[in-house]
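To be precise, the following lines are start-v4.cif, and they hold mmCIF, C-alpha atoms and all ligand atoms.
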data_upload
#
loop_
_atom_site.label_atom_id
_atom_site.label_comp_id
_atom_site.auth_asym_id
_atom_site.auth_seq_id
_atom_site.Cartn_x
_atom_site.Cartn_y
_atom_site.Cartn_z
CA MET A 1 -93.24 37.98 -113.14
CA SER A 2 -93.10 41.16 -111.07
CA ASN A 3 -96.15 42.88 -112.49
CA LEU A 4 -98.09 39.81 -113.61
CA SER A 5 -100.78 40.46 -111.00
CA GLU A 6 -101.44 43.83 -112.61
CA THR A 7 -101.86 42.46 -116.10
CA HIS A 8 -105.45 42.88 -117.15
CA ILE A 9 -106.93 40.66 -119.86
CA LEU A 10 -110.26 41.32 -121.55
CA VAL A 11 -111.94 38.19 -122.95
CA ILE A 12 -114.50 38.89 -125.70
CA GLU A 13 -116.21 35.57 -126.36
CA ASP A 14 -119.87 34.66 -126.74
CA GLU A 15 -119.64 30.95 -125.88
CA GLN A 16 -120.44 30.99 -122.21
CA ASP A 17 -118.51 27.84 -121.22
CA LEU A 18 -115.38 28.94 -123.05
CA ARG A 19 -115.63 32.46 -121.64
CA ALA A 20 -116.01 31.20 -118.07
CA GLY A 21 -113.25 28.63 -118.56
CA LEU A 22 -110.84 31.23 -119.91
CA GLN A 23 -111.63 33.61 -117.08
CA HIS A 24 -111.16 30.90 -114.44
CA ASN A 25 -107.89 29.60 -115.85
CA LEU A 26 -106.37 33.01 -116.55
CA GLU A 27 -107.24 34.15 -113.03
CA LEU A 28 -105.48 31.05 -111.69
CA GLU A 29 -102.47 32.17 -113.73
CA GLY A 30 -102.57 35.46 -111.85
CA TYR A 31 -104.17 37.72 -114.45
CA VAL A 32 -106.96 40.17 -113.75
CA VAL A 33 -109.76 39.17 -116.14
CA SER A 34 -112.86 40.93 -117.39
CA THR A 35 -115.26 39.53 -119.97
CA ALA A 36 -117.72 40.57 -122.64
CA ALA A 37 -120.29 38.30 -124.30
CA ASP A 38 -120.79 40.18 -127.56
CA GLY A 39 -118.92 42.51 -129.89
CA ARG A 40 -120.59 45.74 -128.86
CA GLU A 41 -120.01 45.18 -125.14
CA GLY A 42 -116.47 44.07 -125.97
CA LEU A 43 -115.72 47.26 -127.88
CA ARG A 44 -117.11 49.39 -125.06
CA LYS A 45 -114.95 47.62 -122.46
CA ALA A 46 -111.89 47.70 -124.70
CA ARG A 47 -112.31 51.46 -125.11
CA GLU A 48 -112.15 51.91 -121.33
CA GLY A 49 -108.47 51.22 -121.86
CA LYS A 50 -107.92 49.08 -118.77
CA ALA A 51 -106.92 45.92 -120.63
CA ASN A 52 -103.26 45.14 -121.32
CA LEU A 53 -104.35 42.48 -123.79
CA ILE A 54 -107.58 41.38 -125.48
CA LEU A 55 -108.61 37.84 -126.42
CA LEU A 56 -111.04 38.39 -129.27
CA ASP A 57 -113.37 35.80 -130.75
CA LEU A 58 -114.31 36.46 -134.38
CA MET A 59 -117.90 35.20 -134.60
CA LEU A 60 -119.77 37.38 -132.12
CA PRO A 61 -123.34 38.69 -131.81
CA HIS A 62 -124.09 42.36 -132.66
CA MET A 63 -120.61 43.12 -133.99
CA SER A 64 -117.97 40.73 -135.33
CA GLY A 65 -114.51 40.45 -133.84
CA THR A 66 -113.07 41.87 -137.05
CA GLU A 67 -115.27 44.96 -136.72
CA VAL A 68 -114.32 45.38 -133.07
CA LEU A 69 -110.64 45.28 -134.02
CA GLN A 70 -111.13 47.68 -136.91
CA HIS A 71 -112.91 50.21 -134.68
CA LEU A 72 -110.15 49.98 -132.08
CA ARG A 73 -107.27 50.45 -134.48
CA GLU A 74 -109.00 53.21 -136.44
CA THR A 75 -109.36 55.22 -133.26
CA GLY A 76 -105.73 54.72 -132.31
CA ASN A 77 -106.32 52.06 -129.65
CA GLU A 78 -103.25 49.82 -129.85
CA THR A 79 -104.09 47.33 -127.09
CA PRO A 80 -102.53 43.99 -128.11
CA VAL A 81 -105.11 41.58 -129.53
CA ILE A 82 -104.98 37.80 -129.87
CA ILE A 83 -107.70 36.48 -132.16
CA LEU A 84 -109.51 33.29 -131.21
CA SER A 85 -110.75 31.73 -134.41
CA ALA A 86 -112.57 28.55 -135.32
CA LYS A 87 -111.22 26.14 -137.90
CA GLY A 88 -111.95 27.25 -141.46
CA GLN A 89 -111.85 30.96 -140.66
CA ASP A 90 -108.47 31.45 -142.28
CA ARG A 91 -109.63 34.39 -144.35
CA ASP A 92 -110.92 36.22 -141.27
CA LYS A 93 -107.73 35.39 -139.44
CA VAL A 94 -105.62 36.94 -142.19
CA GLN A 95 -107.90 39.97 -142.27
CA GLY A 96 -107.50 40.28 -138.51
CA LEU A 97 -103.73 40.33 -138.78
CA GLU A 98 -103.97 42.92 -141.53
CA LEU A 99 -106.13 45.07 -139.29
CA GLY A 100 -103.47 44.97 -136.61
CA ALA A 101 -104.09 41.87 -134.47
CA ASP A 102 -100.92 40.61 -132.81
CA ASP A 103 -101.45 36.87 -132.99
CA TYR A 104 -104.16 34.27 -133.35
CA LEU A 105 -105.10 30.90 -131.89
CA THR A 106 -107.28 28.31 -133.57
CA LYS A 107 -109.90 26.64 -131.39
CA PRO A 108 -109.60 24.30 -129.63
CA PHE A 109 -106.38 25.34 -127.96
CA GLY A 110 -104.72 24.30 -124.72
CA LEU A 111 -104.09 26.52 -121.74
CA THR A 112 -100.31 26.11 -122.02
CA GLU A 113 -100.37 27.31 -125.63
CA LEU A 114 -102.64 30.23 -124.75
CA THR A 115 -100.53 31.49 -121.85
CA ALA A 116 -97.34 31.10 -123.90
CA ARG A 117 -98.84 33.26 -126.66
CA ILE A 118 -100.11 35.82 -124.15
CA ARG A 119 -96.67 36.15 -122.60
CA ALA A 120 -94.99 36.37 -126.02
CA VAL A 121 -97.35 39.09 -127.25
CA LEU A 122 -97.03 41.09 -124.03
CA ARG A 123 -93.25 40.82 -124.15
CA ARG A 124 -93.14 41.91 -127.77
CA THR A 125 -95.62 44.77 -127.51
CA GLN A 126 -94.71 46.16 -124.09
CA SER A 127 -90.93 46.12 -124.06
CA GLY A 128 -89.36 44.89 -127.29
CA ALA A 129 -91.26 46.80 -129.91
CA LYS A 130 -91.27 50.16 -128.19
CA ALA A 131 -87.83 50.26 -126.63
CA GLY A 132 -86.28 48.43 -129.55
CA ASP A 133 -83.65 45.79 -128.97
CA ARG A 134 -81.71 47.12 -131.93
CA GLN A 135 -80.27 50.58 -132.28
CA ALA A 136 -83.48 52.34 -131.36
CA LEU A 137 -84.16 55.48 -133.35
CA SER A 138 -85.04 58.53 -131.33
CA GLY A 139 -85.61 62.23 -131.73
CA VAL A 140 -86.98 63.84 -134.86
CA MET A 141 -85.81 63.00 -138.37
CA VAL A 142 -86.39 65.28 -141.32
CA PHE A 143 -86.49 63.95 -144.88
CA PRO A 144 -87.57 65.85 -147.99
CA GLY A 145 -91.29 66.49 -147.45
CA LEU A 146 -91.47 64.25 -144.39
CA THR A 147 -90.77 64.69 -140.68
CA VAL A 148 -90.80 61.67 -138.34
CA ASP A 149 -91.06 62.02 -134.56
CA TRP A 150 -89.89 58.69 -133.09
CA GLY A 151 -90.84 59.63 -129.56
CA ARG A 152 -94.47 60.27 -130.40
CA PHE A 153 -94.79 57.92 -133.40
CA THR A 154 -96.09 60.76 -135.54
CA VAL A 155 -95.28 61.79 -139.09
CA GLN A 156 -95.72 65.15 -140.71
CA SER A 157 -96.23 65.32 -144.44
CA GLU A 158 -97.42 68.42 -146.31
CA GLY A 159 -97.96 70.20 -143.02
CA GLU A 160 -100.35 67.55 -141.77
CA GLU A 161 -99.49 65.50 -138.71
CA THR A 162 -100.65 61.89 -138.48
CA GLN A 163 -100.34 59.24 -135.81
CA LEU A 164 -98.76 55.95 -136.88
CA SER A 165 -100.08 52.63 -135.63
CA ARG A 166 -97.59 50.48 -133.74
CA TYR A 167 -96.95 48.28 -136.78
CA GLU A 168 -96.65 51.19 -139.19
CA ALA A 169 -94.11 52.80 -136.87
CA GLU A 170 -92.11 49.57 -136.51
CA ILE A 171 -92.05 49.02 -140.27
CA LEU A 172 -90.91 52.59 -140.88
CA ARG A 173 -88.31 52.28 -138.13
CA MET A 174 -86.83 49.15 -139.68
CA LEU A 175 -86.78 50.64 -143.18
CA VAL A 176 -85.19 53.88 -141.98
CA GLU A 177 -82.59 51.98 -139.95
CA HIS A 178 -81.62 50.19 -143.14
CA ARG A 179 -82.13 53.12 -145.47
CA GLY A 180 -80.64 52.63 -148.90
CA GLN A 181 -80.89 48.84 -148.47
CA VAL A 182 -83.64 46.45 -149.51
CA VAL A 183 -85.57 44.91 -146.62
CA SER A 184 -87.48 41.75 -147.53
CA ARG A 185 -91.07 41.03 -146.52
CA GLN A 186 -89.87 38.00 -144.57
CA ASP A 187 -87.43 40.16 -142.62
CA LEU A 188 -90.20 42.63 -141.84
CA LEU A 189 -92.47 39.79 -140.69
CA ARG A 190 -89.77 38.35 -138.48
CA LYS A 191 -88.58 41.60 -136.96
CA VAL A 192 -91.79 43.57 -136.73
CA TRP A 193 -94.27 40.80 -135.92
CA GLY A 194 -91.70 38.66 -134.14
CA TYR A 195 -92.73 35.32 -135.52
CA VAL A 196 -92.72 33.58 -138.85
CA HIS A 197 -95.90 31.48 -138.97
CA LEU A 198 -98.03 34.24 -140.43
CA PRO A 199 -100.04 32.82 -143.30
CA THR A 200 -99.08 35.49 -145.82
CA THR A 201 -96.71 38.34 -146.51
CA ARG A 202 -99.74 40.25 -147.78
CA THR A 203 -100.03 41.42 -144.19
CA VAL A 204 -96.81 43.35 -144.72
CA ASP A 205 -97.97 44.79 -148.04
CA ASN A 206 -101.21 46.04 -146.54
CA HIS A 207 -99.44 47.78 -143.67
CA ILE A 208 -97.00 49.32 -146.15
CA ALA A 209 -99.98 50.61 -148.17
CA ARG A 210 -101.42 52.25 -145.06
CA LEU A 211 -98.05 53.70 -144.10
CA ARG A 212 -97.65 55.17 -147.58
CA LYS A 213 -101.00 56.96 -147.30
CA LYS A 214 -99.59 58.77 -144.30
CA ILE A 215 -96.11 59.62 -145.58
CA GLU A 216 -96.21 59.79 -149.37
CA HIS A 217 -97.33 62.76 -151.42
CA ASP A 218 -98.44 60.41 -154.22
CA VAL A 219 -98.98 56.78 -153.18
CA GLU A 220 -98.82 55.70 -156.83
CA ASN A 221 -95.32 57.15 -157.14
CA PRO A 222 -93.78 56.83 -153.69
CA THR A 223 -90.57 58.75 -153.06
CA HIS A 224 -89.79 57.48 -149.55
CA VAL A 225 -90.73 53.78 -149.39
CA LYS A 226 -89.99 52.18 -152.76
CA THR A 227 -91.08 48.70 -153.81
CA VAL A 228 -88.20 46.60 -155.08
CA HIS A 229 -90.01 44.00 -157.14
CA GLY A 230 -89.47 40.43 -156.01
CA LEU A 231 -87.23 41.56 -153.16
CA GLY A 232 -89.02 43.83 -150.73
CA TYR A 233 -89.00 47.49 -149.76
CA CYS A 234 -86.37 50.19 -149.57
CA PHE A 235 -86.40 53.57 -147.81
CA GLU A 236 -84.59 55.87 -150.22
CA SER A 237 -84.98 59.42 -148.92
CA GLU A 238 -82.01 61.48 -147.85
CA LEU A 239 -81.80 62.38 -144.16
CA LEU A 240 -81.72 66.19 -144.01
CA GLU A 241 -81.70 66.69 -140.29
CA HIS A 242 -81.73 64.62 -137.08
CA ARG A 243 -82.73 66.44 -133.89
CA GLN A 244 -82.39 64.54 -130.62
CA CA A 301 -118.20 32.86 -131.23
#
Now that the file is in, can you turn its structure into structure tokens?
Amino acid sequence: MSNLSETHILVIEDEQDLRAGLQHNLELEGYVVSTAADGREGLRKAREGKANLILLDLMLPHMSGTEVLQHLRETGNETPVIILSAKGQDRDKVQGLELGADDYLTKPFGLTELTARIRAVLRRTQSGAKAGDRQALSGVMVFPGLTVDWGRFTVQSEGEETQLSRYEAEILRMLVEHRGQVVSRQDLLRKVWGYVHLPTTRTVDNHIARLRKKIEHDVENPTHVKTVHGLGYCFESELLEHRQ
């Protein structure tokens, strides 16, 4: 509760009544709230980087919520996002999660549900995920053809350094912590996303595919993150060096 008054929420929603209602109620809860009425304005405000969390409607004028999210994540903006979707937008919802949204709510939703989700996402993304409630990996790890910097969430492969998204880093962290063992998609969903009501484990597969592009020499024949058919994924590389 200590820094609740400093938590800034950006509401990107084109329905005026809903936008005003969200702002009013979230301000009563003690949040600092700013709003945007269309996707383009929303993206601009999100890029200012003041928001601790974004509530993002999907159907928006000028630029869809999915596009806003994609632009943010592609440019390395990892602000937590909760998608607000209408009934029947399941496909968009799934796509949103694959693009790196942190949760979703289906309209209409109650204030209690909304604030519970906001708190859960903030807890997970601010403290839990970064600090790690397990044996947090730190320092720099060197594997054959791959160097991972856990402090900066970067990987170096073939001399090229790339930034990992929060989810890519958490997936890699969990696989490396359990290297030599198979980690199931369900375990990854539970540990990395923190909840189990995701509609599909395809979310995991898509993040793995993106991770592989950054760490594998040949994504068709991965040497680090192997697929164990029907079971999950396994990090198989030998640890050559661990610098703290
Ligand atoms: Ca809308």
Margin query: Calculated over only C-alpha atoms and all ligand atoms, which of the candidates A:Glu29, A:Asp17, A:Glu241, A:Asp57 has the smallest distance to ligand CA 301 (chain A)?
Written below: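 Closest to ligand CA 301 (chain A) of all the choices is A:Asp57.
With only C-alpha atoms and all ligand atoms as the atoms that count, the residue of A:Val94, A:Met63, A:Ala46, A:Leu26 with the shortest distance to ligand CA 301 (chain A) is A:Met63.
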Check: Can I get the residues close to ligand CA 301 (chain A) as a PyMOL selection string, where close means within 9 Å and we count all atoms listed in the file?
Finding: chain A and resi 12-15+38+57-61+64-65+84-86
Note to self: Counting all atoms listed in the file, which residue out of A:Arg152, A:His24, A:Arg44, A:Arg166 sits closest to A:Thr125?
What the structure shows: A:Arg166
Which residues are near A:Ser165? Cut-off 9 Å, only C-alpha atoms, ignore same chain within fewer than 6 positions. Put them as a short mmCIF file (atom, residue, chain, number, x, y, z; two decimals) with C-alpha atoms, in the coordinates of the input.
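This went into out-v3.cif:
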data_model
loop_
_atom_site.label_atom_id
_atom_site.label_comp_id
_atom_site.auth_asym_id
_atom_site.auth_seq_id
_atom_site.Cartn_x
_atom_site.Cartn_y
_atom_site.Cartn_z
CA ARG A 73 -107.27 50.45 -134.48
CA GLU A 74 -109.00 53.21 -136.44
CA GLY A 76 -105.73 54.72 -132.31
CA ASN A 77 -106.32 52.06 -129.65
CA GLU A 78 -103.25 49.82 -129.85
CA GLY A 100 -103.47 44.97 -136.61
CA PHE A 153 -94.79 57.92 -133.40
CA LEU A 211 -98.05 53.70 -144.10
#
Draw an axis-aligned box tight on the listed atoms of stretch 69-80 of chain A, then pad every side by 8 Å and write out centre and edge lengths in Å to one decimal as JSON.
{"center_x": -107.7, "center_y": 49.6, "center_z": -132.0, "size_x": 26.4, "size_y": 27.2, "size_z": 25.8}
Notebook entry, point to check: So, counting only C-alpha atoms, which residue among A:Arg123, A:His207, A:His62, A:Arg243 is closest to A:Leu97?
Noted result: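 Residue with the minimum atom-to-atom distance to A:Leu97: A:His207.
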Check: If we count all atoms listed in the file, what is near A:Gly151 at a cut-off of 12 Å, once residues fewer than 2 positions away on the same chain are taken out, given as a PyMOL selection string?
Finding: chain A and resi 130-131+136-141+148-149+153-155+163-164+169+173+243-244
Next item on the list: Give the answer as one residue: which of A:Glu67, A:Glu216, A:Asp102, A:Glu177 has the shortest atom-to-atom distance to A:Leu122, using only C-alpha atoms?
Entry: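 Looking only at the distances to A:Leu122, the closest residue turns out to be A:Asp102.
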Checklist line | For A:Asp218, the nearest of the candidates A:Thr35, A:Ser157, A:Thr106, A:Gln70, counting all atoms listed in the file | finding: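 Smallest separation from A:Asp218 among the options: A:Ser157.
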Next item on the list: Name all residues at most 12 Å from A:Thr115 (count all atoms listed in the file; drop same-chain ones fewer than 2 positions away) and give them as a list of chain:residue names.
Entry: A:Leu4, A:Ile9, A:Leu22, A:Asn25, A:Leu26, A:Glu27, A:Leu28, A:Glu29, A:Gly30, A:Tyr31, A:Leu53, A:Leu55, A:Ile82, A:Leu105, A:Phe109, A:Gly110, A:Leu111, A:Thr112, A:Glu113, A:Arg117, A:Ile118, A:Arg119, A:Ala120, A:Val121, A:Leu122
